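Visitor: Here it is: the structure, laid out below.
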Amino acid sequence: MSVSRRDALKLAGAAAVGGLLATDARAAVDRDAALYPGGTADRWPIVQGPTDRTSATFIVMAPTVATFAMEVVAGGIARPDPRLLNRLDLPALGVSLFELHVTGLAPGRDFELTLRDDDVGTFDRRLFRTLDLDRPSGRFAVASCMDEGYRRKAITMWETLAREAPDFLILLGDTCYADRRNPRRDEAGMARRYVHTRLGLAWFRMERLVPTFAVWDDHDLGGDNGDRTFVHLPFARRLFDAFWGTTGNSAWRRGLGVGSRLEGFGQRFYLMDDRSFRDPRGTQGGRQWGAEQMDWLFEEIGTDPTPAWIMSGGQYFGLQALRESMEDDQPAELADLLQRLSRIAAPAAFMSGDVHFSAIAAIGPERLGYPTYEFTSSSIHSTVNPGPVGRGKVVAERRHNFMTFDVDTRRGWQVGARSILEGGAVAFARMAAIAR
Ligand SMILES: [Fe+2]
């Protein structure tokens, strides 16, 4: 059965948005439509997922009953048909996630991605690029903690981020608060929360798509401080994979759990899974990443001197009440990590999210044998940390923000880090050179 775009949208409205939302929430969704630039509010959400120089993946969330075709065009010439690699149906919500893969692309030029059906022809058009990974410099953005309940910020913060024009984006956890507004804490509620988050964030409606790489943290799991014993972990994993993509390429591949590794712009990015292997709180000698994932990291990272970002949802350093860190919760694992990092040829820097403030912390040479930093980018739109966020930090910012990193590896490893507020104001900016 062929369903027209108009019918499909109605179904999307009824099933994905309205059916499981209370009337007041439905009214809020309708009201938000006015915040979007003309005609973009009813776009189906699309993520440009794992991408390299010549290929890209796209995750389209659409009504399950919809029939549509995706086409990628450059200079008037259509690329080979995108291949459907993965699909997850969420029957109770009437929506499906389609992971599509496009090959035969090239960096440094715009491509057009269109969605069309037989009834109305082309009904959506986006622009994207692949990643020019061989360049020795680039700009990436890092964000964490996105609760779409902050309805206006869920639009304006992403518009601000888009204006910074990063080459790619890294999301360090809490990409969905699957436990908020999910009173039964069940899998139906988790699926609903993932769908609503995808509907609420403007990032997925932008005309220009940007390659996005994500790793999770506890709220993506659907349980505050969730660990490897969390009952809904396997289901959360299915959701996370379907919503962010799993298809490896020449530059990006999955590690353990939802962890992954990206190489490009003269650097390596290790996104560590800080939940799938975490021992329950209070476990004597408990691990956070687990021995096997730690071995995977060092099999990878030990092979050459290319600068390495160690990235995870949770913070590494800091012994402070009311928030988590590896130093506080798994001190033996942090000691193991530092000792092994101190012995490899590559300089390393730390990146984290989670704590609902952004900061730069100087990590003294006693830790790795050379000075480095922990950068934390947190709460693009979630609850604001009321605590003493600047204590022990070079700089810190608690207001809703994300961070950008202008990196240049031509003369050592130069990092220009900025925290950006709604509208583009710079909360803080620092240059750092990291060398061992
Ligand atoms: Fe969070």
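Naming works like this for the structure tokens: A, B, ... for the chains as they're shown, residue 1 at the start of each chain, ligands 1 onward in shown order.
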Using only C-alpha atoms and all ligand atoms, which residues of the polymer chains come no farther than 10 Å from ligand 1? I'd like the answer as an NGL selection string.
Guide: :A and (144-147 or 172-177 or 217-220 or 224 or 313-314 or 353-357 or 378-385)
Visitor: I need the residues in stretch 77-175 of chain A that are helix (DSSP H, G or I) according to DSSP; give them as a ChimeraX atom specification.
Guide: /A:153-163
Visitor: Store the residues picked out above, limited to C-alpha atoms, as an mmCIF file, in the first residue's frame.
Guide:
data_model
loop_
_atom_site.group_PDB
_atom_site.id
_atom_site.type_symbol
_atom_site.label_atom_id
_atom_site.label_comp_id
_atom_site.auth_asym_id
_atom_site.auth_seq_id
_atom_site.Cartn_x
_atom_site.Cartn_y
_atom_site.Cartn_z
ATOM 1 C CA LYS A 153 16.441 25.957 23.853
ATOM 2 C CA ALA A 154 16.043 22.621 22.058
ATOM 3 C CA ILE A 155 15.676 24.753 18.954
ATOM 4 C CA THR A 156 17.774 27.866 19.572
ATOM 5 C CA MET A 157 20.853 26.108 20.980
ATOM 6 C CA TRP A 158 21.071 23.875 17.933
ATOM 7 C CA GLU A 159 20.613 26.818 15.588
ATOM 8 C CA THR A 160 23.491 28.480 17.421
ATOM 9 C CA LEU A 161 25.574 25.324 17.071
ATOM 10 C CA ALA A 162 24.812 25.095 13.360
ATOM 11 C CA ARG A 163 26.044 28.670 12.869
#
Visitor: Skip A:Ala236 itself and residues of its chain fewer than 5 positions away, then list as a PyMOL selection string all residues within 12 Å of it, counting only C-alpha atoms.
Guide: chain A and resi 176-179+185-194+216-223+226-228+230-231+241-243+257-258+275-276
Visitor: Could those selected residues go to a file with N, CA and C atoms, as an mmCIF file, in the first residue's frame?
Guide:
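Below you can see part.cif, which holds the result:
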data_model
loop_
_atom_site.group_PDB
_atom_site.id
_atom_site.type_symbol
_atom_site.label_atom_id
_atom_site.label_comp_id
_atom_site.auth_asym_id
_atom_site.auth_seq_id
_atom_site.Cartn_x
_atom_site.Cartn_y
_atom_site.Cartn_z
ATOM 1 N N CYS A 176 19.445 11.522 25.224
ATOM 2 C CA CYS A 176 18.017 11.380 25.477
ATOM 3 C C CYS A 176 17.862 11.103 26.962
ATOM 4 N N TYR A 177 16.936 11.813 27.596
ATOM 5 C CA TYR A 177 16.625 11.513 28.999
ATOM 6 C C TYR A 177 15.483 10.508 29.017
ATOM 7 N N ALA A 178 15.851 9.236 28.836
ATOM 8 C CA ALA A 178 14.840 8.193 28.698
ATOM 9 C C ALA A 178 14.129 7.900 30.009
ATOM 10 N N ASP A 179 14.681 8.376 31.122
ATOM 11 C CA ASP A 179 14.038 8.142 32.416
ATOM 12 C C ASP A 179 13.148 9.301 32.844
ATOM 13 N N ARG A 185 9.107 3.761 33.825
ATOM 14 C CA ARG A 185 10.485 3.337 33.556
ATOM 15 C C ARG A 185 10.522 2.044 32.756
ATOM 16 N N ASP A 186 9.625 1.937 31.769
ATOM 17 C CA ASP A 186 9.586 0.697 30.993
ATOM 18 C C ASP A 186 10.072 0.960 29.561
ATOM 19 N N GLU A 187 10.133 -0.125 28.790
ATOM 20 C CA GLU A 187 10.728 -0.018 27.459
ATOM 21 C C GLU A 187 9.832 0.764 26.506
ATOM 22 N N ALA A 188 8.515 0.627 26.657
ATOM 23 C CA ALA A 188 7.615 1.429 25.820
ATOM 24 C C ALA A 188 7.870 2.915 26.069
ATOM 25 N N GLY A 189 8.061 3.249 27.338
ATOM 26 C CA GLY A 189 8.332 4.644 27.684
ATOM 27 C C GLY A 189 9.694 5.102 27.162
ATOM 28 N N MET A 190 10.667 4.217 27.205
ATOM 29 C CA MET A 190 11.993 4.586 26.693
ATOM 30 C C MET A 190 11.933 4.879 25.197
ATOM 31 N N ALA A 191 11.232 4.008 24.456
ATOM 32 C CA ALA A 191 11.107 4.232 23.008
ATOM 33 C C ALA A 191 10.413 5.565 22.737
ATOM 34 N N ARG A 192 9.358 5.834 23.530
ATOM 35 C CA ARG A 192 8.633 7.098 23.366
ATOM 36 C C ARG A 192 9.563 8.279 23.635
ATOM 37 N N ARG A 193 10.397 8.160 24.667
ATOM 38 C CA ARG A 193 11.301 9.256 25.003
ATOM 39 C C ARG A 193 12.331 9.491 23.896
ATOM 40 N N TYR A 194 12.851 8.417 23.311
ATOM 41 C CA TYR A 194 13.795 8.577 22.196
ATOM 42 C C TYR A 194 13.121 9.279 21.009
ATOM 43 N N TRP A 216 26.923 7.102 24.701
ATOM 44 C CA TRP A 216 25.853 7.342 25.666
ATOM 45 C C TRP A 216 26.339 7.567 27.080
ATOM 46 N N ASP A 217 25.365 7.927 27.944
ATOM 47 C CA ASP A 217 25.603 7.980 29.383
ATOM 48 C C ASP A 217 24.327 7.481 30.067
ATOM 49 N N ASP A 218 24.217 7.685 31.354
ATOM 50 C CA ASP A 218 23.170 6.977 32.089
ATOM 51 C C ASP A 218 21.748 7.275 31.618
ATOM 52 N N HIS A 219 21.459 8.538 31.267
ATOM 53 C CA HIS A 219 20.072 8.843 30.900
ATOM 54 C C HIS A 219 19.666 8.222 29.559
ATOM 55 N N ASP A 220 20.626 7.996 28.668
ATOM 56 C CA ASP A 220 20.314 7.267 27.429
ATOM 57 C C ASP A 220 19.880 5.839 27.741
ATOM 58 N N LEU A 221 20.412 5.305 28.842
ATOM 59 C CA LEU A 221 20.060 3.952 29.278
ATOM 60 C C LEU A 221 18.656 3.907 29.861
ATOM 61 N N GLY A 222 18.228 5.028 30.384
ATOM 62 C CA GLY A 222 16.920 5.066 31.019
ATOM 63 C C GLY A 222 16.976 4.861 32.512
ATOM 64 N N GLY A 223 18.159 4.955 33.103
ATOM 65 C CA GLY A 223 18.261 4.806 34.554
ATOM 66 C C GLY A 223 19.380 5.668 35.093
ATOM 67 N N GLY A 226 22.913 4.330 35.811
ATOM 68 C CA GLY A 226 22.788 2.949 35.336
ATOM 69 C C GLY A 226 24.144 2.294 35.089
ATOM 70 N N ASP A 227 24.187 0.972 35.272
ATOM 71 C CA ASP A 227 25.427 0.229 35.068
ATOM 72 C C ASP A 227 25.129 -1.046 34.291
ATOM 73 N N ARG A 228 26.123 -1.956 34.231
ATOM 74 C CA ARG A 228 25.990 -3.160 33.388
ATOM 75 C C ARG A 228 24.865 -4.080 33.841
ATOM 76 N N PHE A 230 21.840 -3.002 34.638
ATOM 77 C CA PHE A 230 20.553 -2.345 34.417
ATOM 78 C C PHE A 230 19.668 -3.209 33.506
ATOM 79 N N VAL A 231 18.445 -3.467 33.965
ATOM 80 C CA VAL A 231 17.585 -4.455 33.312
ATOM 81 C C VAL A 231 17.246 -4.092 31.870
ATOM 82 N N ASP A 241 21.567 2.350 19.068
ATOM 83 C CA ASP A 241 22.142 1.966 17.771
ATOM 84 C C ASP A 241 21.267 2.460 16.621
ATOM 85 N N ALA A 242 19.958 2.262 16.760
ATOM 86 C CA ALA A 242 19.055 2.622 15.667
ATOM 87 C C ALA A 242 18.979 4.133 15.476
ATOM 88 N N PHE A 243 19.088 4.881 16.577
ATOM 89 C CA PHE A 243 18.932 6.332 16.484
ATOM 90 C C PHE A 243 20.217 7.040 16.044
ATOM 91 N N GLY A 257 30.692 -2.203 23.246
ATOM 92 C CA GLY A 257 29.445 -1.542 23.616
ATOM 93 C C GLY A 257 29.067 -0.531 22.553
ATOM 94 N N VAL A 258 28.685 0.677 22.984
ATOM 95 C CA VAL A 258 28.401 1.731 22.014
ATOM 96 C C VAL A 258 29.613 2.641 21.825
ATOM 97 N N ARG A 275 29.045 2.927 30.464
ATOM 98 C CA ARG A 275 27.890 2.322 31.152
ATOM 99 C C ARG A 275 27.780 0.806 30.970
ATOM 100 N N SER A 276 28.046 0.306 29.763
ATOM 101 C CA SER A 276 27.765 -1.116 29.483
ATOM 102 C C SER A 276 28.583 -2.077 30.332
#
Visitor: If we count only C-alpha atoms and set the cut-off at 8 Å, which residues sit around A:Ser312, ignoring sequence neighbours fewer than 4 positions away in its own chain? Please answer as a list in words.
Guide: Leu172, Gly173, Val215, Leu271, Met272, Asp273, Asp274, Met351, Ser352 and Gly353 of chain A
Visitor: Give me a file of those residues, with C-alpha atoms, as a tab-separated table (two decimals), in the first residue's frame.
Guide:
chain	number	residue	atom	x	y	z
A	172	LEU	CA	29.00	12.77	24.92
A	173	GLY	CA	25.99	11.21	26.51
A	215	VAL	CA	28.21	7.80	22.77
A	271	LEU	CA	34.51	7.48	22.47
A	272	MET	CA	34.37	5.23	25.50
A	273	ASP	CA	31.28	3.38	26.71
A	274	ASP	CA	31.08	4.31	30.39
A	351	MET	CA	36.92	15.16	27.14
A	352	SER	CA	33.76	14.60	29.17
A	353	GLY	CA	30.14	15.68	29.60
Visitor: Can you tell me, as a ChimeraX atom specification, what residues are no more than 12 Å from A:Leu338 when counting only C-alpha atoms, ignoring any on the same chain fewer than 4 positions away?
Guide: /A:294,298,310,316-317,326-327,331-334,342-344,347-350,363-370,372
Visitor: Just want the 12 Å neighbourhood of A:Gly121, counted on only C-alpha atoms, with same-chain residues fewer than 3 positions away dropped. Output as an MDAnalysis selection string.
Guide: chainID A and resid 4:6 67:71 114:118 124:125
Visitor: Okay, now the selection with N, CA and C atoms, as a CSV table (one decimal), in the first residue's frame?
Guide:
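Ended up saving to result_13.csv:
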chain,number,residue,atom,x,y,z
A,4,SER,N,0.4,8.4,0.9
A,4,SER,CA,0.9,9.7,0.4
A,4,SER,C,1.6,10.4,1.6
A,5,ARG,N,2.4,11.4,1.2
A,5,ARG,CA,3.2,12.2,2.2
A,5,ARG,C,2.2,12.9,3.2
A,6,ARG,N,1.0,13.4,2.7
A,6,ARG,CA,0.1,14.0,3.5
A,6,ARG,C,-0.5,13.0,4.5
A,67,THR,N,5.9,5.4,2.4
A,67,THR,CA,6.8,4.9,1.4
A,67,THR,C,7.5,6.2,0.8
A,68,PHE,N,8.8,6.1,0.8
A,68,PHE,CA,9.5,7.3,0.3
A,68,PHE,C,10.8,6.7,-0.3
A,69,ALA,N,11.4,7.6,-1.1
A,69,ALA,CA,12.7,7.3,-1.7
A,69,ALA,C,13.7,8.4,-1.3
A,70,MET,N,14.9,8.0,-1.0
A,70,MET,CA,16.0,9.0,-0.7
A,70,MET,C,16.9,9.0,-1.9
A,71,GLU,N,17.4,10.2,-2.3
A,71,GLU,CA,18.3,10.3,-3.4
A,71,GLU,C,19.4,11.3,-3.0
A,114,THR,N,17.7,14.3,-1.0
A,114,THR,CA,16.2,14.6,-1.1
A,114,THR,C,15.4,13.4,-0.7
A,115,LEU,N,14.2,13.6,-0.2
A,115,LEU,CA,13.2,12.6,0.1
A,115,LEU,C,12.1,12.9,-0.9
A,116,ARG,N,11.5,11.8,-1.5
A,116,ARG,CA,10.4,12.1,-2.4
A,116,ARG,C,9.5,10.9,-2.3
A,117,ASP,N,8.2,11.1,-2.7
A,117,ASP,CA,7.3,9.9,-3.0
A,117,ASP,C,6.6,10.2,-4.3
A,118,ASP,N,5.8,9.2,-4.6
A,118,ASP,CA,5.1,9.2,-6.0
A,118,ASP,C,4.1,10.3,-6.0
A,124,ASP,N,11.4,16.9,0.8
A,124,ASP,CA,12.4,17.4,1.7
A,124,ASP,C,13.8,17.4,1.0
A,125,ARG,N,14.6,18.4,1.3
A,125,ARG,CA,15.8,18.6,0.6
A,125,ARG,C,16.8,19.1,1.7
Visitor: According to DSSP computed on the backbone, where in stretch 161-288 of chain A is there strand (DSSP E)? Give the residues as an MDAnalysis selection string.
Guide: chainID A and resid 168:172 212:215 252:254 260:264 267:272
Visitor: So the first atom is atom CA of A:Ala433 and the second is atom CA of A:Val415; what is the distance between them in Å, to one decimal place?
Guide: 6.1 Å
Visitor: Which is closest to A:Ala345 among A:Ala435, A:Gln414, A:Ala291, A:Leu297, if we use only C-alpha atoms?
Guide: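 Closest to A:Ala345, using only C-alpha atoms: A:Ala435.
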Visitor: What does the distance between atom CA of A:Glu148 and atom CA of A:Arg126 come to in Å, to one decimal place?
Guide: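 Here the two named atoms are 22.7 Å from each other.
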Visitor: Counting only C-alpha atoms, what is within 12 Å of A:Trp252, bar same-chain residues fewer than 4 positions away, as a list in words?
Guide: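 Those residues are Gly49, Pro50, Thr51, Asp52, Arg53, Ser55, Ala56, Thr57, Leu131, Leu133, Pro211, Thr212, Phe213, Ala214, Gly245, Thr246, Thr247, Gly248, Gly259, Ser260, Arg261, Leu262, Glu263, Gly264, Arg268, Phe269, Tyr270 and Leu271 of chain A.
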Visitor: Give the answer as one residue: which of A:Leu337, A:Thr283, A:Ser358, A:Leu256 has the shortest atom-to-atom distance to A:Arg237, using only C-alpha atoms?
Guide: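 That would be A:Leu256, the residue with the smallest distance to A:Arg237.
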Visitor: Which residue, A:Ala432, A:Ala396, A:Leu199, A:Ala346, has the smallest gap to A:Tyr373 when you use only C-alpha atoms?
Guide: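 Answer, going by the shortest atom-to-atom distance: A:Ala432.
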Visitor: Of the candidates A:Val47, A:Ile420, A:Leu319, A:Ala66, which one gets nearest to A:Asp119 if we count only C-alpha atoms?
Guide: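 Selected residue with least distance to A:Asp119: A:Ala66.
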